[in-house]
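Quick look at query19.txt (compact mmCIF, C-alpha atoms and all ligand atoms):
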```txt
# COMPACT_ATOMS: atom_id res chain seq x y z
CA MET X 1 -173.16 42.17 4.11
CA ARG X 2 -174.53 42.92 7.57
CA LYS X 3 -176.31 40.66 10.02
CA LYS X 4 -180.09 40.38 9.88
CA VAL X 5 -181.48 39.89 13.37
CA VAL X 6 -184.90 39.26 14.86
CA ALA X 7 -184.87 39.48 18.65
CA GLY X 8 -187.71 38.90 21.09
CA ASN X 9 -188.00 41.09 24.15
CA TRP X 10 -190.22 39.02 26.41
CA LYS X 11 -190.38 41.79 29.04
CA MET X 12 -192.04 40.76 32.35
CA ASN X 13 -194.11 38.00 30.75
CA LEU X 14 -194.43 34.21 30.89
CA THR X 15 -194.09 31.61 33.59
CA LYS X 16 -191.06 29.35 33.67
CA SER X 17 -192.73 26.50 31.82
CA GLU X 18 -194.18 28.90 29.25
CA ALA X 19 -190.75 30.44 28.68
CA LEU X 20 -189.08 27.06 28.18
CA THR X 21 -191.84 25.86 25.85
CA LEU X 22 -191.69 29.08 23.83
CA TYR X 23 -187.92 28.78 23.49
CA GLN X 24 -188.22 25.17 22.31
CA SER X 25 -190.98 25.99 19.82
CA ILE X 26 -188.95 28.85 18.33
CA SER X 27 -185.85 26.65 18.17
CA LYS X 28 -187.69 23.95 16.19
CA GLU X 29 -188.31 26.39 13.35
CA ALA X 30 -185.09 28.34 13.64
CA GLU X 31 -183.26 26.48 10.90
CA ASN X 32 -185.84 27.70 8.39
CA VAL X 33 -185.14 31.43 8.77
CA ASN X 34 -182.54 33.62 7.10
CA CYS X 35 -181.58 35.70 10.10
CA GLU X 36 -180.09 35.43 13.56
CA LEU X 37 -182.57 34.90 16.38
CA ALA X 38 -182.32 35.97 20.02
CA VAL X 39 -184.68 36.14 22.97
CA PHE X 40 -184.38 38.32 26.07
CA SER X 41 -186.01 36.77 29.11
CA SER X 42 -186.64 37.67 32.75
CA TYR X 43 -183.63 36.90 34.93
CA ILE X 44 -185.27 34.05 36.79
CA PHE X 45 -185.59 31.88 33.68
CA LEU X 46 -182.11 32.50 32.30
CA ASP X 47 -180.39 29.59 34.00
CA ALA X 48 -183.03 27.09 32.88
CA LEU X 49 -183.12 28.54 29.35
CA LYS X 50 -179.34 28.35 29.16
CA GLN X 51 -179.56 24.56 29.64
CA LEU X 52 -181.65 24.38 26.45
CA GLU X 53 -179.69 26.93 24.41
CA ASN X 54 -178.79 26.00 20.85
CA SER X 55 -176.72 27.82 18.27
CA HIS X 56 -179.82 29.09 16.41
CA VAL X 57 -181.52 31.11 19.15
CA SER X 58 -179.31 32.99 21.60
CA ILE X 59 -180.49 33.91 25.06
CA GLY X 60 -180.01 37.29 26.68
CA ALA X 61 -180.92 39.42 29.68
CA GLN X 62 -183.13 42.51 29.57
CA ASN X 63 -181.02 44.40 32.11
CA PHE X 64 -178.18 44.18 34.63
CA HIS X 65 -176.56 46.36 37.27
CA GLN X 66 -173.34 48.05 36.26
CA GLU X 67 -171.59 47.37 39.59
CA PRO X 68 -169.97 43.92 39.81
CA LYS X 69 -171.38 43.20 43.29
CA GLY X 70 -172.47 44.85 46.50
CA ALA X 71 -175.35 46.26 48.49
CA PHE X 72 -177.90 46.72 45.71
CA THR X 73 -180.95 44.87 46.99
CA GLY X 74 -182.98 43.29 44.24
CA GLU X 75 -180.44 43.92 41.50
CA VAL X 76 -178.53 41.47 39.30
CA SER X 77 -174.97 42.28 38.27
CA PHE X 78 -173.21 41.72 34.96
CA THR X 79 -170.82 39.36 36.78
CA GLN X 80 -173.77 37.19 37.84
CA LEU X 81 -174.98 37.08 34.23
CA LYS X 82 -171.50 36.16 33.03
CA ASP X 83 -171.43 33.35 35.57
CA LEU X 84 -174.57 31.89 33.94
CA GLY X 85 -172.93 32.14 30.54
CA ILE X 86 -175.14 35.00 29.38
CA GLN X 87 -173.46 37.08 26.67
CA ASN X 88 -176.32 39.18 25.28
CA VAL X 89 -177.93 42.16 26.97
CA LEU X 90 -180.39 44.92 26.15
CA ILE X 91 -179.37 48.43 27.21
CA GLY X 92 -181.28 51.70 27.00
CA HIS X 93 -184.78 50.33 26.47
CA SER X 94 -187.31 53.15 26.82
CA GLU X 95 -189.19 51.28 29.57
CA ARG X 96 -185.99 51.27 31.64
CA ARG X 97 -185.33 54.91 30.79
CA MET X 98 -188.86 56.01 31.73
CA LEU X 99 -190.11 53.57 34.36
CA CYS X 100 -186.79 52.87 36.08
CA HIS X 101 -185.35 56.37 35.64
CA GLU X 102 -182.22 55.27 33.81
CA ASP X 103 -180.58 58.45 32.53
CA ASP X 104 -177.83 58.86 29.95
CA ALA X 105 -175.09 58.57 32.59
CA ILE X 106 -176.41 55.21 33.80
CA ILE X 107 -176.89 53.94 30.26
CA LYS X 108 -173.37 54.99 29.28
CA ALA X 109 -171.97 53.27 32.39
CA LYS X 110 -173.83 50.09 31.45
CA ILE X 111 -172.59 50.27 27.87
CA ASP X 112 -168.99 50.67 29.05
CA VAL X 113 -169.13 47.87 31.58
CA ALA X 114 -170.87 45.49 29.15
CA MET X 115 -168.29 46.27 26.45
CA ALA X 116 -165.37 45.78 28.82
CA ASN X 117 -166.81 42.41 29.78
CA GLY X 118 -167.34 41.09 26.28
CA PHE X 119 -171.14 41.24 26.12
CA GLN X 120 -173.05 41.61 22.85
CA ILE X 121 -175.34 44.59 23.28
CA ILE X 122 -178.58 45.63 21.67
CA TYR X 123 -178.68 49.34 22.37
CA CYS X 124 -182.16 50.91 22.19
CA CYS X 125 -182.96 54.50 21.27
CA GLY X 126 -186.10 56.31 20.18
CA GLU X 127 -188.15 59.45 20.66
CA PRO X 128 -191.40 60.18 22.55
CA LEU X 129 -194.50 61.35 20.69
CA ASN X 130 -194.15 65.09 21.39
CA ILE X 131 -190.64 65.09 19.93
CA ARG X 132 -191.90 63.35 16.80
CA GLU X 133 -194.81 65.79 16.52
CA ASN X 134 -192.39 68.71 16.72
CA ASN X 135 -190.29 67.11 13.99
CA GLN X 136 -187.25 66.90 16.29
CA HIS X 137 -186.95 63.12 16.22
CA ILE X 138 -183.76 62.95 14.20
CA ASP X 139 -181.83 65.33 16.46
CA PHE X 140 -183.26 63.62 19.54
CA VAL X 141 -182.16 60.13 18.52
CA LEU X 142 -178.76 61.24 17.23
CA ASN X 143 -178.21 62.97 20.55
CA GLN X 144 -179.03 59.74 22.41
CA LEU X 145 -176.39 57.97 20.34
CA LYS X 146 -173.89 60.73 21.07
CA GLU X 147 -174.56 60.58 24.81
CA ASN X 148 -174.50 56.79 25.08
CA VAL X 149 -172.44 55.03 22.41
CA LEU X 150 -170.52 57.21 19.97
CA HIS X 151 -167.59 57.48 22.40
CA LEU X 152 -166.81 53.78 21.94
CA SER X 153 -163.75 52.73 20.01
CA GLU X 154 -164.36 51.46 16.49
CA SER X 155 -163.81 47.83 17.48
CA GLU X 156 -166.13 48.15 20.48
CA PHE X 157 -168.79 49.90 18.44
CA SER X 158 -168.71 47.09 15.90
CA ARG X 159 -169.95 44.71 18.63
CA LEU X 160 -173.14 46.68 19.06
CA ILE X 161 -176.53 46.29 17.46
CA ILE X 162 -178.78 49.36 17.46
CA ALA X 163 -182.55 49.15 17.86
CA TYR X 164 -184.56 52.23 16.90
CA GLU X 165 -187.78 52.08 18.91
CA PRO X 166 -190.03 55.13 18.81
CA ILE X 167 -191.68 55.26 22.23
CA TRP X 168 -195.08 56.08 20.75
CA ALA X 169 -195.00 52.80 18.83
CA ILE X 170 -194.02 50.48 21.69
CA GLY X 171 -196.90 48.29 22.81
CA THR X 172 -199.41 50.71 21.29
CA GLY X 173 -200.27 48.86 18.09
CA LYS X 174 -199.16 52.03 16.28
CA THR X 175 -196.17 51.19 14.09
CA ALA X 176 -193.85 53.67 12.45
CA THR X 177 -194.46 53.53 8.73
CA PRO X 178 -191.67 51.88 6.76
CA ASP X 179 -190.75 55.34 5.42
CA GLN X 180 -190.66 56.91 8.88
CA ALA X 181 -188.45 54.10 10.16
CA GLU X 182 -186.22 54.12 7.09
CA GLU X 183 -185.68 57.88 7.37
CA ILE X 184 -184.28 57.65 10.85
CA HIS X 185 -182.35 54.42 10.27
CA ALA X 186 -180.61 56.12 7.35
CA GLU X 187 -179.79 59.13 9.55
CA ILE X 188 -178.38 56.84 12.24
CA ARG X 189 -176.20 55.12 9.66
CA LYS X 190 -175.03 58.48 8.32
CA ALA X 191 -174.06 59.61 11.83
CA ILE X 192 -172.10 56.37 12.34
CA ALA X 193 -170.26 56.95 9.06
CA GLN X 194 -169.38 60.48 10.16
CA ASN X 195 -168.21 59.40 13.60
CA TYR X 196 -166.38 56.23 12.50
CA SER X 197 -166.27 55.31 8.82
CA GLU X 198 -168.47 54.24 5.91
CA GLU X 199 -167.29 50.69 6.48
CA VAL X 200 -168.34 50.62 10.14
CA ALA X 201 -171.69 52.18 9.20
CA ALA X 202 -172.30 49.67 6.42
CA LYS X 203 -171.74 46.77 8.82
CA MET X 204 -173.97 48.04 11.63
CA SER X 205 -177.24 46.15 12.07
CA ILE X 206 -180.03 48.60 12.89
CA LEU X 207 -183.27 46.98 14.05
CA TYR X 208 -186.72 48.50 14.19
CA GLY X 209 -188.90 48.03 17.28
CA GLY X 210 -192.41 49.20 18.13
CA SER X 211 -195.52 47.12 17.39
CA CYS X 212 -193.67 45.16 14.75
CA ASN X 213 -195.66 42.03 13.91
CA ALA X 214 -196.13 39.35 11.27
CA LYS X 215 -198.34 41.69 9.22
CA ASN X 216 -196.02 44.69 8.97
CA ALA X 217 -192.53 43.11 9.26
CA HIS X 218 -192.16 42.33 5.57
CA GLU X 219 -192.64 45.94 4.46
CA LEU X 220 -190.38 47.27 7.22
CA PHE X 221 -187.60 44.76 6.58
CA ALA X 222 -187.70 45.48 2.85
CA LYS X 223 -186.22 48.93 3.52
CA PRO X 224 -182.50 49.14 2.82
CA ASN X 225 -181.51 50.40 6.27
CA ILE X 226 -183.76 48.14 8.37
CA ASP X 227 -181.90 44.99 9.33
CA GLY X 228 -184.49 43.26 11.44
CA GLY X 229 -186.60 43.87 14.51
CA LEU X 230 -186.74 43.97 18.28
CA ILE X 231 -190.12 42.46 18.96
CA GLY X 232 -192.13 42.76 22.18
CA GLY X 233 -195.75 41.56 22.23
CA ALA X 234 -195.49 39.59 18.99
CA SER X 235 -192.48 37.63 20.28
CA LEU X 236 -194.60 35.83 22.88
CA LYS X 237 -196.13 33.45 20.33
CA ALA X 238 -193.69 31.14 18.56
CA ASP X 239 -195.63 31.07 15.27
CA GLU X 240 -195.81 34.82 14.96
CA PHE X 241 -192.19 35.35 15.99
CA ILE X 242 -191.02 32.86 13.37
CA GLU X 243 -193.27 34.41 10.74
CA ILE X 244 -191.65 37.79 11.48
CA ALA X 245 -188.22 36.17 11.12
CA LYS X 246 -189.29 34.78 7.76
CA SER X 247 -190.20 38.26 6.52
CA PHE X 248 -186.84 39.03 4.90
P1 LIG K 301 -193.71 45.94 21.15
O1 LIG K 301 -192.37 46.17 22.02
O2 LIG K 301 -193.27 45.08 19.96
O3 LIG K 301 -194.63 45.21 22.06
O4 LIG K 301 -194.19 47.26 20.71
C1 LIG K 301 -191.12 46.39 21.41
C2 LIG K 301 -190.07 46.64 22.47
O5 LIG K 301 -190.38 47.25 23.49
O6 LIG K 301 -188.91 46.21 22.32
```

Before anything else, please render the file you have as structure tokens.
Amino acid sequence: MRKKVVAGNWKMNLTKSEALTLYQSISKEAENVNCELAVFSSYIFLDALKQLENSHVSIGAQNFHQEPKGAFTGEVSFTQLKDLGIQNVLIGHSERRMLCHEDDAIIKAKIDVAMANGFQIIYCCGEPLNIRENNQHIDFVLNQLKENVLHLSESEFSRLIIAYEPIWAIGTGKTATPDQAEEIHAEIRKAIAQNYSEEVAAKMSILYGGSCNAKNAHELFAKPNIDGGLIGGASLKADEFIEIAKSF
């Protein structure tokens, strides 16, 4: 009933030729998986990747600036992405929140501008370790949703994909257990039902991210509220990424 998605967040990795080769290797196998595939690359490869894009593996950007143009040295605007034909973006990734100091106001502004401009968004949320240890993770994540996305209209919200990514699991090799992930995915879906409707909640794809790999994906994706993954490290090898995508 809802989309299954496996998306690769390549972060600040790969050279141009490596990125193009990886995209082509993933694409070769893409017809053999039962889910949608996407990759999120560094800006500088997007134009070249776009020339190779096929309908099986969509290409997206990891970030953008919420102003259409102007004196923002080093930034890339959503209008520049649109000009390249990019339609998918990540927003709210914890590395941008922590390392680039993106607060809720900036994330909300990005969500609004991306929505108004027809982008497909993977919105990331997730708690740090101390919040999890104090058993406040559910409130913390639901509050992130409230601050960033629950103000959207029902039709806008339906164009979103949510990725739950506990910060303590990202790049650490420490994965949330399937039960830990399922608990919070179910709470997210419940909050969506309360804010919108059961129907909107049932259609929302909620991905898990955080040291997801070919070994643990099957167990995670078997949970009723886990609709795929946002994959960092394990998305940099075509074989492993495809194996993850075959885990449904
Ligand atoms: P990881 O990253 O799979 O390397 O933990 C996931 C992410 O940051 O999206």

task = Tell me, as an MDAnalysis selection string, which residues lie within 12 Å of X:Leu81, counting all atoms listed in the file; anything in the same chain fewer than 2 positions away does not count.
result = chainID X and resid 42:47 50 59:66 68:69 75:79 83:89 114 117:119

ask   = Do you know which residues are within 8 Å of ligand LIG 301 (chain K) using all atoms listed in the file? Can you write them as a ChimeraX atom specification?
value = /X:8-9,11,93-95,165,169-173,175,209-213,230-235

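Closest approach to X:Phe221 among X:Met98, X:Val6, X:Ala191, X:Met1 is made by X:Val6 (distances from only C-alpha atoms).
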
inquiry  = What's the separation between atom CA of X:Leu142 and atom CA of X:Ala163, in Å to one decimal place?
reply    = 12.7 Å

ask   = Can you list, as an MDAnalysis selection string, every protein, DNA or RNA residue that comes within 10 Å of X:Ser17 when you count only C-alpha atoms, leaving out same-chain residues fewer than 4 positions away?
value = chainID X and resid 21:23 45 48

remark   = Atom pair atom CA of X:Val149 + atom CA of X:Gly92, distance 10.5 Å
